[in-house]
Structure formats: structure tokens, C-alpha cells
$ cat final_17.cif   # mmCIF, C-alpha atoms and all ligand atoms
data_model
#
loop_
_atom_site.label_atom_id
_atom_site.label_comp_id
_atom_site.auth_asym_id
_atom_site.auth_seq_id
_atom_site.Cartn_x
_atom_site.Cartn_y
_atom_site.Cartn_z
CA MET A 1 -5.94 -1.62 11.39
CA PRO A 2 -6.14 -0.39 7.78
CA ASP A 3 -3.57 -1.63 5.27
CA ALA A 4 -0.07 -0.33 5.83
CA LEU A 5 1.25 2.50 3.68
CA LEU A 6 4.78 1.10 4.06
CA GLU A 7 5.28 -2.61 4.51
CA ILE A 8 8.73 -4.13 4.99
CA ARG A 9 9.08 -7.95 5.00
CA GLY A 10 12.19 -9.97 5.75
CA LEU A 11 14.52 -7.11 4.85
CA THR A 12 18.10 -8.39 4.85
CA LYS A 13 21.36 -6.69 3.93
CA HIS A 14 24.81 -8.19 4.15
CA TYR A 15 27.95 -6.17 3.54
CA GLY A 16 30.44 -9.00 3.02
CA THR A 17 30.40 -10.82 6.35
CA VAL A 18 28.58 -7.97 8.18
CA LYS A 19 24.88 -8.73 8.60
CA ALA A 20 23.59 -5.16 8.80
CA LEU A 21 19.92 -6.28 8.52
CA ALA A 22 18.92 -9.81 9.43
CA GLY A 23 15.33 -10.00 8.16
CA ILE A 24 13.27 -7.16 9.58
CA ASP A 25 9.49 -6.79 9.28
CA LEU A 26 7.65 -3.56 9.95
CA GLN A 27 4.52 -1.68 8.96
CA VAL A 28 3.82 2.04 8.92
CA HIS A 29 0.19 3.13 8.74
CA ALA A 30 -0.98 6.19 6.82
CA GLY A 31 -1.18 9.39 8.84
CA THR A 32 1.17 8.25 11.61
CA VAL A 33 4.67 9.20 12.74
CA TYR A 34 6.86 6.10 13.11
CA GLY A 35 10.10 6.25 15.10
CA PHE A 36 12.87 3.90 14.04
CA ILE A 37 15.33 3.63 16.90
CA GLY A 38 18.32 1.50 17.80
CA PRO A 39 21.91 1.75 19.06
CA ASN A 40 24.78 2.83 16.78
CA GLY A 41 25.37 0.28 14.06
CA ALA A 42 21.95 -1.36 14.56
CA GLY A 43 21.03 -1.05 10.86
CA LYS A 44 18.78 2.05 10.74
CA THR A 45 20.63 3.93 8.02
CA THR A 46 21.00 0.74 6.01
CA ALA A 47 17.20 0.27 6.00
CA ILE A 48 16.65 3.94 5.12
CA ARG A 49 19.22 3.78 2.30
CA ILE A 50 17.30 0.82 0.87
CA LEU A 51 14.06 2.84 1.07
CA ALA A 52 15.80 5.72 -0.70
CA GLY A 53 16.91 3.37 -3.50
CA LEU A 54 20.59 4.08 -2.75
CA ILE A 55 21.46 0.41 -2.09
CA ARG A 56 19.84 -2.93 -2.88
CA PRO A 57 18.77 -5.37 -0.20
CA THR A 58 20.25 -8.86 -0.09
CA ALA A 59 16.73 -10.23 0.45
CA GLY A 60 13.26 -9.12 1.49
CA THR A 61 10.65 -6.74 0.14
CA VAL A 62 9.56 -3.14 0.64
CA ALA A 63 6.08 -2.18 -0.55
CA LEU A 64 4.66 1.32 -0.67
CA GLY A 65 0.90 1.55 -1.00
CA GLY A 66 0.95 -2.14 -1.93
CA LEU A 67 3.48 -1.66 -4.77
CA ASP A 68 6.88 -3.35 -4.61
CA LEU A 69 9.55 -0.68 -4.40
CA ARG A 70 12.08 -2.75 -6.32
CA THR A 71 10.04 -4.01 -9.24
CA ARG A 72 7.70 -1.01 -9.56
CA ARG A 73 9.82 1.80 -8.13
CA THR A 74 8.62 4.56 -10.48
CA GLU A 75 4.97 4.09 -9.52
CA ALA A 76 5.60 3.08 -5.90
CA ALA A 77 7.91 5.99 -5.14
CA VAL A 78 5.50 8.72 -6.28
CA GLY A 79 4.93 10.67 -3.09
CA LEU A 80 7.96 9.18 -1.30
CA ARG A 81 10.62 11.59 -0.04
CA THR A 82 13.77 10.50 1.72
CA LEU A 83 16.32 12.64 3.47
CA VAL A 84 19.52 10.71 4.18
CA GLU A 85 22.73 12.49 5.19
CA VAL A 86 23.21 16.12 4.22
CA PRO A 87 21.14 16.95 1.15
CA ALA A 88 22.77 18.42 -1.97
CA PHE A 89 21.70 21.88 -3.11
CA TYR A 90 22.79 24.36 -5.78
CA PRO A 91 25.32 26.37 -3.73
CA GLY A 92 25.03 29.51 -5.85
CA LEU A 93 21.25 29.71 -5.51
CA SER A 94 19.40 30.95 -2.45
CA GLY A 95 17.33 28.66 -0.23
CA ARG A 96 14.16 30.00 -1.81
CA GLN A 97 15.51 29.52 -5.35
CA ASN A 98 16.59 25.94 -4.54
CA LEU A 99 13.10 25.10 -3.33
CA THR A 100 11.59 26.82 -6.38
CA VAL A 101 13.70 24.69 -8.74
CA PHE A 102 12.81 21.58 -6.77
CA ALA A 103 9.08 22.39 -6.78
CA ARG A 104 9.20 22.84 -10.57
CA LEU A 105 10.95 19.48 -11.05
CA ALA A 106 8.49 17.82 -8.67
CA ARG A 107 5.59 19.56 -10.43
CA ALA A 108 4.52 20.93 -7.05
CA GLU A 109 2.79 24.21 -6.24
CA GLN A 110 5.14 27.17 -5.63
CA ASP A 111 2.89 28.84 -3.08
CA GLU A 112 3.89 26.62 -0.16
CA ILE A 113 7.59 27.52 -0.37
CA ALA A 114 7.30 30.62 1.80
CA ARG A 115 5.24 28.71 4.38
CA LEU A 116 7.82 25.88 4.60
CA LEU A 117 10.80 28.25 4.79
CA ASP A 118 9.09 30.05 7.65
CA ALA A 119 8.18 26.77 9.38
CA VAL A 120 11.85 25.69 9.53
CA GLY A 121 13.00 29.16 10.67
CA LEU A 122 14.77 30.11 7.42
CA ASN A 123 12.79 33.27 6.70
CA GLU A 124 15.71 35.63 7.17
CA ALA A 125 18.23 33.46 5.33
CA ALA A 126 15.86 32.47 2.50
CA ASP A 127 17.41 34.85 -0.04
CA ARG A 128 21.06 34.12 0.79
CA ALA A 129 23.13 31.66 -1.27
CA VAL A 130 23.01 28.14 0.17
CA GLY A 131 26.79 27.89 -0.24
CA GLY A 132 27.03 30.08 2.87
CA TYR A 133 24.53 28.09 4.96
CA SER A 134 25.65 26.28 8.11
CA LEU A 135 25.13 22.52 8.41
CA GLY A 136 22.02 23.01 10.56
CA MET A 137 20.58 25.48 8.03
CA ARG A 138 21.11 22.98 5.20
CA GLN A 139 19.45 20.32 7.31
CA ARG A 140 16.42 22.59 7.83
CA LEU A 141 16.28 23.39 4.12
CA GLY A 142 16.43 19.65 3.40
CA ILE A 143 13.45 19.05 5.67
CA ALA A 144 11.50 21.90 4.01
CA GLN A 145 12.37 20.45 0.59
CA ALA A 146 11.19 16.98 1.61
CA LEU A 147 7.77 18.48 2.36
CA VAL A 148 7.26 20.43 -0.86
CA GLY A 149 4.28 19.12 -2.80
CA ARG A 150 2.52 17.23 0.00
CA PRO A 151 4.30 13.85 -0.18
CA ASN A 152 2.59 10.70 1.16
CA LEU A 153 5.55 9.35 3.06
CA VAL A 154 8.57 11.29 4.31
CA VAL A 155 11.56 9.25 5.48
CA LEU A 156 14.05 11.22 7.56
CA ASP A 157 17.36 9.83 8.85
CA GLU A 158 18.20 11.60 12.13
CA PRO A 159 16.30 14.80 11.24
CA MET A 160 17.24 16.54 14.50
CA ASN A 161 20.97 15.91 14.03
CA GLY A 162 22.95 19.14 14.24
CA LEU A 163 19.88 21.28 14.95
CA ASP A 164 19.82 23.77 17.81
CA PRO A 165 17.04 23.47 20.42
CA ALA A 166 14.87 26.14 18.75
CA ALA A 167 15.14 24.38 15.39
CA ILE A 168 14.36 21.01 16.99
CA HIS A 169 11.19 22.59 18.36
CA LEU A 170 10.26 24.03 14.94
CA VAL A 171 10.86 20.73 13.15
CA ARG A 172 8.84 18.81 15.73
CA GLU A 173 5.93 21.25 15.32
CA LEU A 174 6.23 21.08 11.53
CA ILE A 175 6.08 17.27 11.50
CA LEU A 176 3.00 17.28 13.72
CA THR A 177 1.28 19.98 11.63
CA GLU A 178 2.00 18.24 8.32
CA ARG A 179 0.62 15.01 9.68
CA ARG A 180 -2.48 16.63 11.21
CA GLU A 181 -3.37 19.09 8.47
CA ARG A 182 -2.06 17.42 5.32
CA GLY A 183 -2.12 13.75 6.29
CA VAL A 184 1.61 13.25 5.66
CA THR A 185 3.08 10.01 7.10
CA PHE A 186 6.56 10.10 8.61
CA PHE A 187 9.20 7.43 9.17
CA LEU A 188 12.16 8.81 11.08
CA SER A 189 15.22 7.51 12.84
CA SER A 190 16.49 9.26 15.93
CA HIS A 191 18.64 8.87 19.02
CA LEU A 192 16.67 11.55 20.87
CA LEU A 193 14.31 9.26 22.73
CA HIS A 194 12.47 12.05 24.48
CA ASP A 195 11.62 13.58 21.09
CA VAL A 196 10.60 10.19 19.76
CA GLU A 197 8.33 9.72 22.78
CA THR A 198 6.60 13.07 22.25
CA LEU A 199 6.44 12.89 18.45
CA CYS A 200 5.85 9.31 17.37
CA ASP A 201 2.73 7.18 17.48
CA GLU A 202 4.60 3.93 16.94
CA VAL A 203 8.19 2.85 17.30
CA GLY A 204 10.31 0.00 16.05
CA ILE A 205 13.44 -0.83 18.03
CA ILE A 206 16.19 -2.43 15.96
CA HIS A 207 19.21 -4.10 17.50
CA ARG A 208 21.99 -5.92 15.63
CA GLY A 209 19.91 -5.95 12.46
CA GLN A 210 16.77 -7.38 14.08
CA MET A 211 13.54 -5.83 15.32
CA VAL A 212 13.39 -6.40 19.05
CA ALA A 213 10.14 -4.49 19.76
CA GLU A 214 7.51 -2.74 17.71
CA GLY A 215 4.18 -1.10 18.40
CA ARG A 216 2.33 1.89 19.78
CA ILE A 217 4.39 3.62 22.45
CA GLU A 218 1.59 3.53 25.08
CA ALA A 219 1.13 -0.19 24.49
CA LEU A 220 4.86 -0.91 24.76
CA LEU A 221 5.37 1.14 27.91
CA GLY A 222 2.01 0.41 29.53
CA GLY A 223 0.43 3.01 31.77
CA SER A 224 1.41 1.10 34.87
CA VAL A 225 3.83 1.97 37.63
CA SER A 226 7.22 0.32 37.23
CA GLY A 227 8.70 1.42 40.56
CA TYR A 228 8.89 4.16 43.19
CA GLY A 229 11.21 7.09 43.86
CA VAL A 230 11.80 7.74 47.58
CA LYS A 231 13.54 10.54 49.44
CA THR A 232 14.73 10.24 53.05
CA ALA A 233 16.86 12.34 55.41
CA ASP A 234 19.88 10.12 54.59
CA ASN A 235 19.57 8.36 51.23
CA GLU A 236 22.91 6.52 51.53
CA ALA A 237 21.97 4.93 54.85
CA ALA A 238 18.44 4.17 53.62
CA LEU A 239 19.89 2.55 50.49
CA ARG A 240 22.04 0.22 52.61
CA ALA A 241 18.96 -0.81 54.63
CA LEU A 242 16.86 -1.39 51.50
CA LYS A 243 19.57 -3.44 49.80
CA GLU A 244 19.46 -5.74 52.88
CA SER A 245 15.70 -6.10 53.16
CA LEU A 246 14.45 -5.64 49.56
CA PRO A 247 17.23 -6.84 47.21
CA ALA A 248 14.71 -8.03 44.61
CA ALA A 249 13.47 -4.44 44.15
CA LYS A 250 17.01 -3.45 43.06
CA PRO A 251 17.31 -0.31 45.21
CA ARG A 252 19.63 2.31 43.67
CA ILE A 253 20.27 6.03 43.86
CA VAL A 254 19.17 8.08 40.85
CA ASP A 255 19.86 11.80 41.17
CA SER A 256 18.64 12.69 44.67
CA GLU A 257 16.22 9.77 45.05
CA ILE A 258 16.30 6.08 45.86
CA HIS A 259 14.58 4.10 43.11
CA VAL A 260 13.06 0.67 43.70
CA ASP A 261 11.36 -1.59 41.16
CA GLY A 262 7.87 -2.98 41.68
CA ASP A 263 4.17 -2.12 41.69
CA ASP A 264 2.14 -1.05 44.75
CA ALA A 265 2.69 -4.46 46.41
CA VAL A 266 6.23 -3.30 47.25
CA LEU A 267 5.01 -0.31 49.29
CA PRO A 268 4.30 -1.97 52.70
CA ALA A 269 7.71 -3.69 52.81
CA LEU A 270 9.39 -0.47 51.65
CA GLY A 271 7.70 1.54 54.42
CA ARG A 272 8.59 -1.07 57.08
CA ALA A 273 12.25 -1.26 56.01
CA LEU A 274 12.65 2.51 56.13
CA LEU A 275 10.96 2.78 59.54
CA GLN A 276 13.19 0.02 60.96
CA ALA A 277 16.22 1.95 59.70
CA GLY A 278 14.86 5.04 61.47
CA LEU A 279 14.62 6.87 58.12
CA PRO A 280 10.96 7.35 57.24
CA ALA A 281 10.27 8.49 53.67
CA ASN A 282 10.00 12.25 53.20
CA SER A 283 8.39 11.66 49.83
CA VAL A 284 7.36 8.71 47.67
CA ARG A 285 6.42 9.06 44.00
CA PRO A 286 5.43 6.43 41.44
CA LEU A 287 7.81 5.91 38.49
CA ARG A 288 6.46 5.09 35.08
CA GLU A 289 8.32 3.35 32.31
CA THR A 290 10.00 5.76 29.87
CA LEU A 291 10.98 4.99 26.31
CA GLU A 292 14.61 5.45 27.32
CA ARG A 293 14.41 2.77 30.03
CA TYR A 294 12.45 0.46 27.76
CA PHE A 295 14.99 0.99 24.97
CA ILE A 296 17.93 0.20 27.28
CA GLU A 297 16.21 -2.97 28.52
CA LYS A 298 15.53 -4.13 24.96
CA THR A 299 19.00 -3.37 23.69
CA GLU A 300 20.85 -4.78 26.70
CA GLY A 301 22.19 -1.46 27.86
CA VAL A 302 23.90 -0.58 24.57
CA MET A 303 23.17 3.14 24.27
CA GLY A 304 22.85 4.72 20.84
P1 LIG B 1 24.07 4.85 13.67
O1 LIG B 1 23.08 5.03 14.76
O2 LIG B 1 25.47 4.79 14.19
O3 LIG B 1 23.90 5.77 12.50
P2 LIG B 1 22.78 2.69 12.17
O4 LIG B 1 21.76 1.99 12.99
O5 LIG B 1 22.32 3.66 11.17
O6 LIG B 1 23.88 3.33 13.12
P3 LIG B 1 24.06 1.34 9.92
O7 LIG B 1 24.80 2.53 9.43
O8 LIG B 1 22.87 0.89 9.18
O9 LIG B 1 23.65 1.53 11.45
O10 LIG B 1 25.10 0.14 10.02
C1 LIG B 1 24.72 -1.20 10.32
C2 LIG B 1 25.95 -2.11 10.24
O11 LIG B 1 26.35 -2.22 8.87
C3 LIG B 1 27.16 -1.61 11.01
O12 LIG B 1 27.83 -2.74 11.52
C4 LIG B 1 28.00 -0.94 9.93
O13 LIG B 1 29.36 -0.98 10.27
C5 LIG B 1 27.70 -1.80 8.73
N1 LIG B 1 27.80 -1.06 7.45
C6 LIG B 1 27.05 0.00 7.07
N2 LIG B 1 27.39 0.43 5.82
C7 LIG B 1 28.41 -0.39 5.41
C8 LIG B 1 29.20 -0.47 4.23
N3 LIG B 1 29.01 0.36 3.20
N4 LIG B 1 30.14 -1.45 4.17
C9 LIG B 1 30.33 -2.30 5.20
N5 LIG B 1 29.62 -2.29 6.35
C10 LIG B 1 28.67 -1.35 6.47
#

$ encode --input "final_17.cif" --output "C-alpha cells" --more "lines below"
Ligand code: ATP
Amino acid sequence: MPDALLEIRGLTKHYGTVKALAGIDLQVHAGTVYGFIGPNGAGKTTAIRILAGLIRPTAGTVALGGLDLRTRRTEAAVGLRTLVEVPAFYPGLSGRQNLTVFARLARAEQDEIARLLDAVGLNEAADRAVGGYSLGMRQRLGIAQALVGRPNLVVLDEPMNGLDPAAIHLVRELILTERRERGVTFFLSSHLLHDVETLCDEVGIIHRGQMVAEGRIEALLGGSVSGYGVKTADNEAALRALKESLPAAKPRIVDSEIHVDGDDAVLPALGRALLQAGLPANSVRPLRETLERYFIEKTEGVMG
């Protein structure tokens, strides 16, 4: 692996007696999309606020491109953009004018403003005053602003929050395009695990201020089968029979299927138990681990 673009070591933050971060380590490599996930109160926003320079850590270091963000912030933070909470804009100026002012301050090219406004679906509203924008429109403008001037690393706290499904789709496509075509690296927190699974190369799962799992999603989930989904003519009766004969496979009903844990070694016993109950399987399909299931296992069922 090449050197990390972002390297966090032993990051700790205490708010009085609350240990929001208890020494987290993580690395984000250039050109990747990193998903930072965890239940409510896990410490995600705290870590992102430290990255944004809004609060100071109690201990630990953050380095960007090998430069310490605390001691050499001015140099280290060139090319770093963070979007935490709802961004502030000039309410009397239009979306386009706000981005124009920002691009001037950031010494960025003006010619990408139209492309970014279009990419977040703000074409029609671009010349209206931002004071009249909805929360979701401001959020989209904030994302467009974070991308002006081809930053190296874009840190987004819950970027999909408050966006409608069409905007979520646009933002997902924009993140992937910026990474592919302009080499932008992303670090984003989210509770939308399906989006994280389709968007991110790597994830870090934080729980009670500690990293409980980190790595490439395929490596964490594995390609292997984690169980089977079975349908019979009478799922309730079949479930009772399976609970008797295969308790270790934890039979349970999920939607209109019976789910059992295990790899293909469980299949003969499963087939026998169903036949003995007079309820042969109408269908059997392999179940693969999803990020959601993995997340729940790692965070002891505490949903975000
Ligand atoms: P969510 O998913 O709900 O946004 P999060 O993972 O972003 O949660 P944080 O906001 O980082 O979690 O909070 C981590 C812990 O630190 C929580 O226990 C929270 O109550 C506490 N905390 C955060 N900010 C402060 C503060 N300013 N003062 C005191 N405690 C705080």
C-alpha cells in the first residue's frame, strides 16, 4: 500500500468525563472513498470536527500528506475541504454567486462552477438567492462548494442527510466521478449503509469512541456464504421443526423466508429436517454477508 494521504494515530477527545474518542487509528489512501460509520454518539462528528480544525483533540495526531495538522495546519490543510453541519453562505447572493466568491477566495478556476451546480442538480435554482434555498438545496450547494478547485481530500459529515432520493443519486455519482476523473479522495460519515457499501472502498466502524473494524469492504465481508434463505409451504411450521433439529443455525423468519446461519455443510441437515417435517423447500438461496449485518454484529446491535 502507498503512504496514506490521511493518517490518524491515537486520536482521543474527552468532553469532561465523556470519552468521545478513546484513541482511534485510521488511514485513508489517496484516490479512495472511505466510509466512517458507527452508531449515534460513537464519535464520528467529533473526529470530523477535529479534522476541520473546529475543536482540539485531547491527544493523538492527524497528518495530511505526512504533515501534522496541528503544528503545520496552514501547509497541511491546503487541498483539504470539510463539510460539517449546514454550511454558511451569503443569503443575499445566488448559489452561483456564492460559489464564484468562494472560488475567488480559494484561487480556484471559475469555469467548473457551472459543471458542479449541474452535478448537484442546482441548475434551475443557481441564480436564486440562497436565503430562499431549502435545507437540502443548501446541503447540495455545500457539496458543490467543497469540490471547487479540485481539493485533495474532501471530508463530508453525513453528506446524504436531508437529501431526496434523486439528490442522493446525483451526489453518489458526483463523488465517484470526482474520484475517478480528478483523483479526489473522500472521507465521509454516513448512516446509510447501503450507500456506503456501493460507494466506499474502505470503511472504519467506530463504536463508543473506538475503532472496532477497518478495511476494504470485500475483505471485511468476505465473498463467502453466511447462511441460506428457505421458503416452504408453511414457514411457521417449518421454523418450529428447524428450531428443534438445527438450533445452532439460529433459524428465524425474515420477510417471507426462513434464514439459517452456516455454509454449505448445513444443507444436508436442513434438507433432512424439512423432509421429516413434511415441508420440503420450495426454494433455497445462499445469503451473503451485508455491511448492515456486519455493522450490527460489530456494534452489538446498537443501530445508528
Ligand atoms: P451521530 O451519529 O449521532 O451524529 P456521532 O458518532 O457523530 O453521533 P459525536 O457527535 O461525535 O457522535 O458524539 C460522541 C460523544 O461525545 C457523544 O457521547 C456525545 O454526547 C459527546 N459529545 C459530543 N460533543 C460534545 C460536547 N460539545 N460536549 C459534551 N459532550 C459531547

$ closest_residue --input "final_17.cif" --among "A:Pro165, A:Gly209, A:Gly31, A:Gly60" --to "ligand LIG 1 (chain B)" --atoms "all atoms listed in the file"
A:Gly209

$ axis_aligned_box --input "final_17.cif" --around "range 20-37 of chain A" --padding-each-side "5 Å" --output "AutoDock Vina command-line options"
--center_x 11.2 --center_y -0.3 --center_z 11.9 --size_x 34.8 --size_y 29.4 --size_z 20.1

$ residues_around --input "final_17.cif" --residues "Gly66 in chain A" --least-positions-apart "4" --cutoff "9 Å" --atoms "only C-alpha atoms" --output "PyMOL selection string"
chain A and resi 3-7+76

$ closest_residue --input "final_17.cif" --among "A:Leu80, A:Leu156, A:Ala125, A:Leu242" --to "ligand LIG 1 (chain B)" --atoms "all atoms listed in the file"
A:Leu156

$ closest_residue --input "final_17.cif" --among "A:Pro159, A:Gly278, A:Gly43, A:Pro251" --to "Ile143 in chain A" --atoms "only C-alpha atoms"
A:Pro159

$ closest_residue --input "final_17.cif" --among "A:Glu112, A:Glu297, A:Asp234, A:Glu85" --to "Asn282 in chain A" --atoms "all atoms listed in the file"
A:Asp234

$ atom_distance --input "final_17.cif" --atom1 "atom N4 of ligand LIG 1 (chain B)" --atom2 "CA of Tyr15 in chain A"
5.2 Å

$ residues_around --input "final_17.cif" --residues "Val148 in chain A" --least-positions-apart "4" --cutoff "9 Å" --atoms "only C-alpha atoms" --output "list in words"
Leu99, Phe102, Ala103, Ala106, Ala108, Glu109, Gln110, Glu112, Ile113, Leu116 and Ala144 of chain A

$ closest_residue --input "final_17.cif" --among "A:Leu188, A:Ala219, A:Met160, A:Ala269" --to "Glu244 in chain A" --atoms "only C-alpha atoms"
A:Ala269

$ residues_around --input "final_17.cif" --residues "Gly215 in chain A" --least-positions-apart "6" --cutoff "7 Å" --atoms "all atoms listed in the file" --output "ChimeraX atom specification"
/A:202-204

$ atom_distance --input "final_17.cif" --atom1 "CA of Gly53 in chain A" --atom2 "CA of Leu163 in chain A"
25.9 Å

$ decode --input "final_17.cif" --residues "range 99-111 of chain A" --atoms "N, CA, C and O atoms" --output "compact mmCIF listing (two decimals), in the first residue's frame"
# COMPACT_ATOMS: atom_id res chain seq x y z
N LEU A 99 -20.67 30.51 -5.05
CA LEU A 99 -19.55 29.67 -5.49
C LEU A 99 -18.48 30.52 -6.18
O LEU A 99 -17.28 30.24 -6.05
N THR A 100 -18.90 31.58 -6.87
CA THR A 100 -17.94 32.45 -7.55
C THR A 100 -17.05 33.15 -6.51
O THR A 100 -15.83 33.19 -6.67
N VAL A 101 -17.68 33.67 -5.45
CA VAL A 101 -16.91 34.32 -4.39
C VAL A 101 -15.95 33.32 -3.77
O VAL A 101 -14.76 33.59 -3.56
N PHE A 102 -16.47 32.12 -3.49
CA PHE A 102 -15.64 31.09 -2.86
C PHE A 102 -14.44 30.73 -3.76
O PHE A 102 -13.31 30.61 -3.29
N ALA A 103 -14.73 30.56 -5.06
CA ALA A 103 -13.65 30.17 -5.99
C ALA A 103 -12.57 31.25 -6.03
O ALA A 103 -11.38 30.95 -6.11
N ARG A 104 -12.99 32.53 -5.95
CA ARG A 104 -12.01 33.62 -5.95
C ARG A 104 -11.13 33.54 -4.71
O ARG A 104 -9.91 33.62 -4.78
N LEU A 105 -11.80 33.35 -3.54
CA LEU A 105 -11.05 33.27 -2.27
C LEU A 105 -10.10 32.08 -2.28
O LEU A 105 -8.99 32.15 -1.78
N ALA A 106 -10.57 30.97 -2.88
CA ALA A 106 -9.76 29.75 -2.90
C ALA A 106 -8.78 29.76 -4.08
O ALA A 106 -8.08 28.78 -4.29
N ARG A 107 -8.77 30.85 -4.82
CA ARG A 107 -7.91 30.97 -6.02
C ARG A 107 -8.13 29.78 -6.96
O ARG A 107 -7.19 29.22 -7.52
N ALA A 108 -9.40 29.41 -7.11
CA ALA A 108 -9.73 28.28 -7.99
C ALA A 108 -10.29 28.81 -9.31
O ALA A 108 -10.70 29.97 -9.40
N GLU A 109 -10.29 27.95 -10.31
CA GLU A 109 -10.83 28.32 -11.63
C GLU A 109 -12.34 28.54 -11.50
O GLU A 109 -13.01 27.84 -10.76
N GLN A 110 -12.87 29.50 -12.27
CA GLN A 110 -14.31 29.78 -12.24
C GLN A 110 -15.08 28.82 -13.16
O GLN A 110 -16.28 28.63 -13.00
N ASP A 111 -14.36 28.22 -14.12
CA ASP A 111 -15.09 27.51 -15.18
C ASP A 111 -15.72 26.20 -14.73
O ASP A 111 -16.48 25.60 -15.48
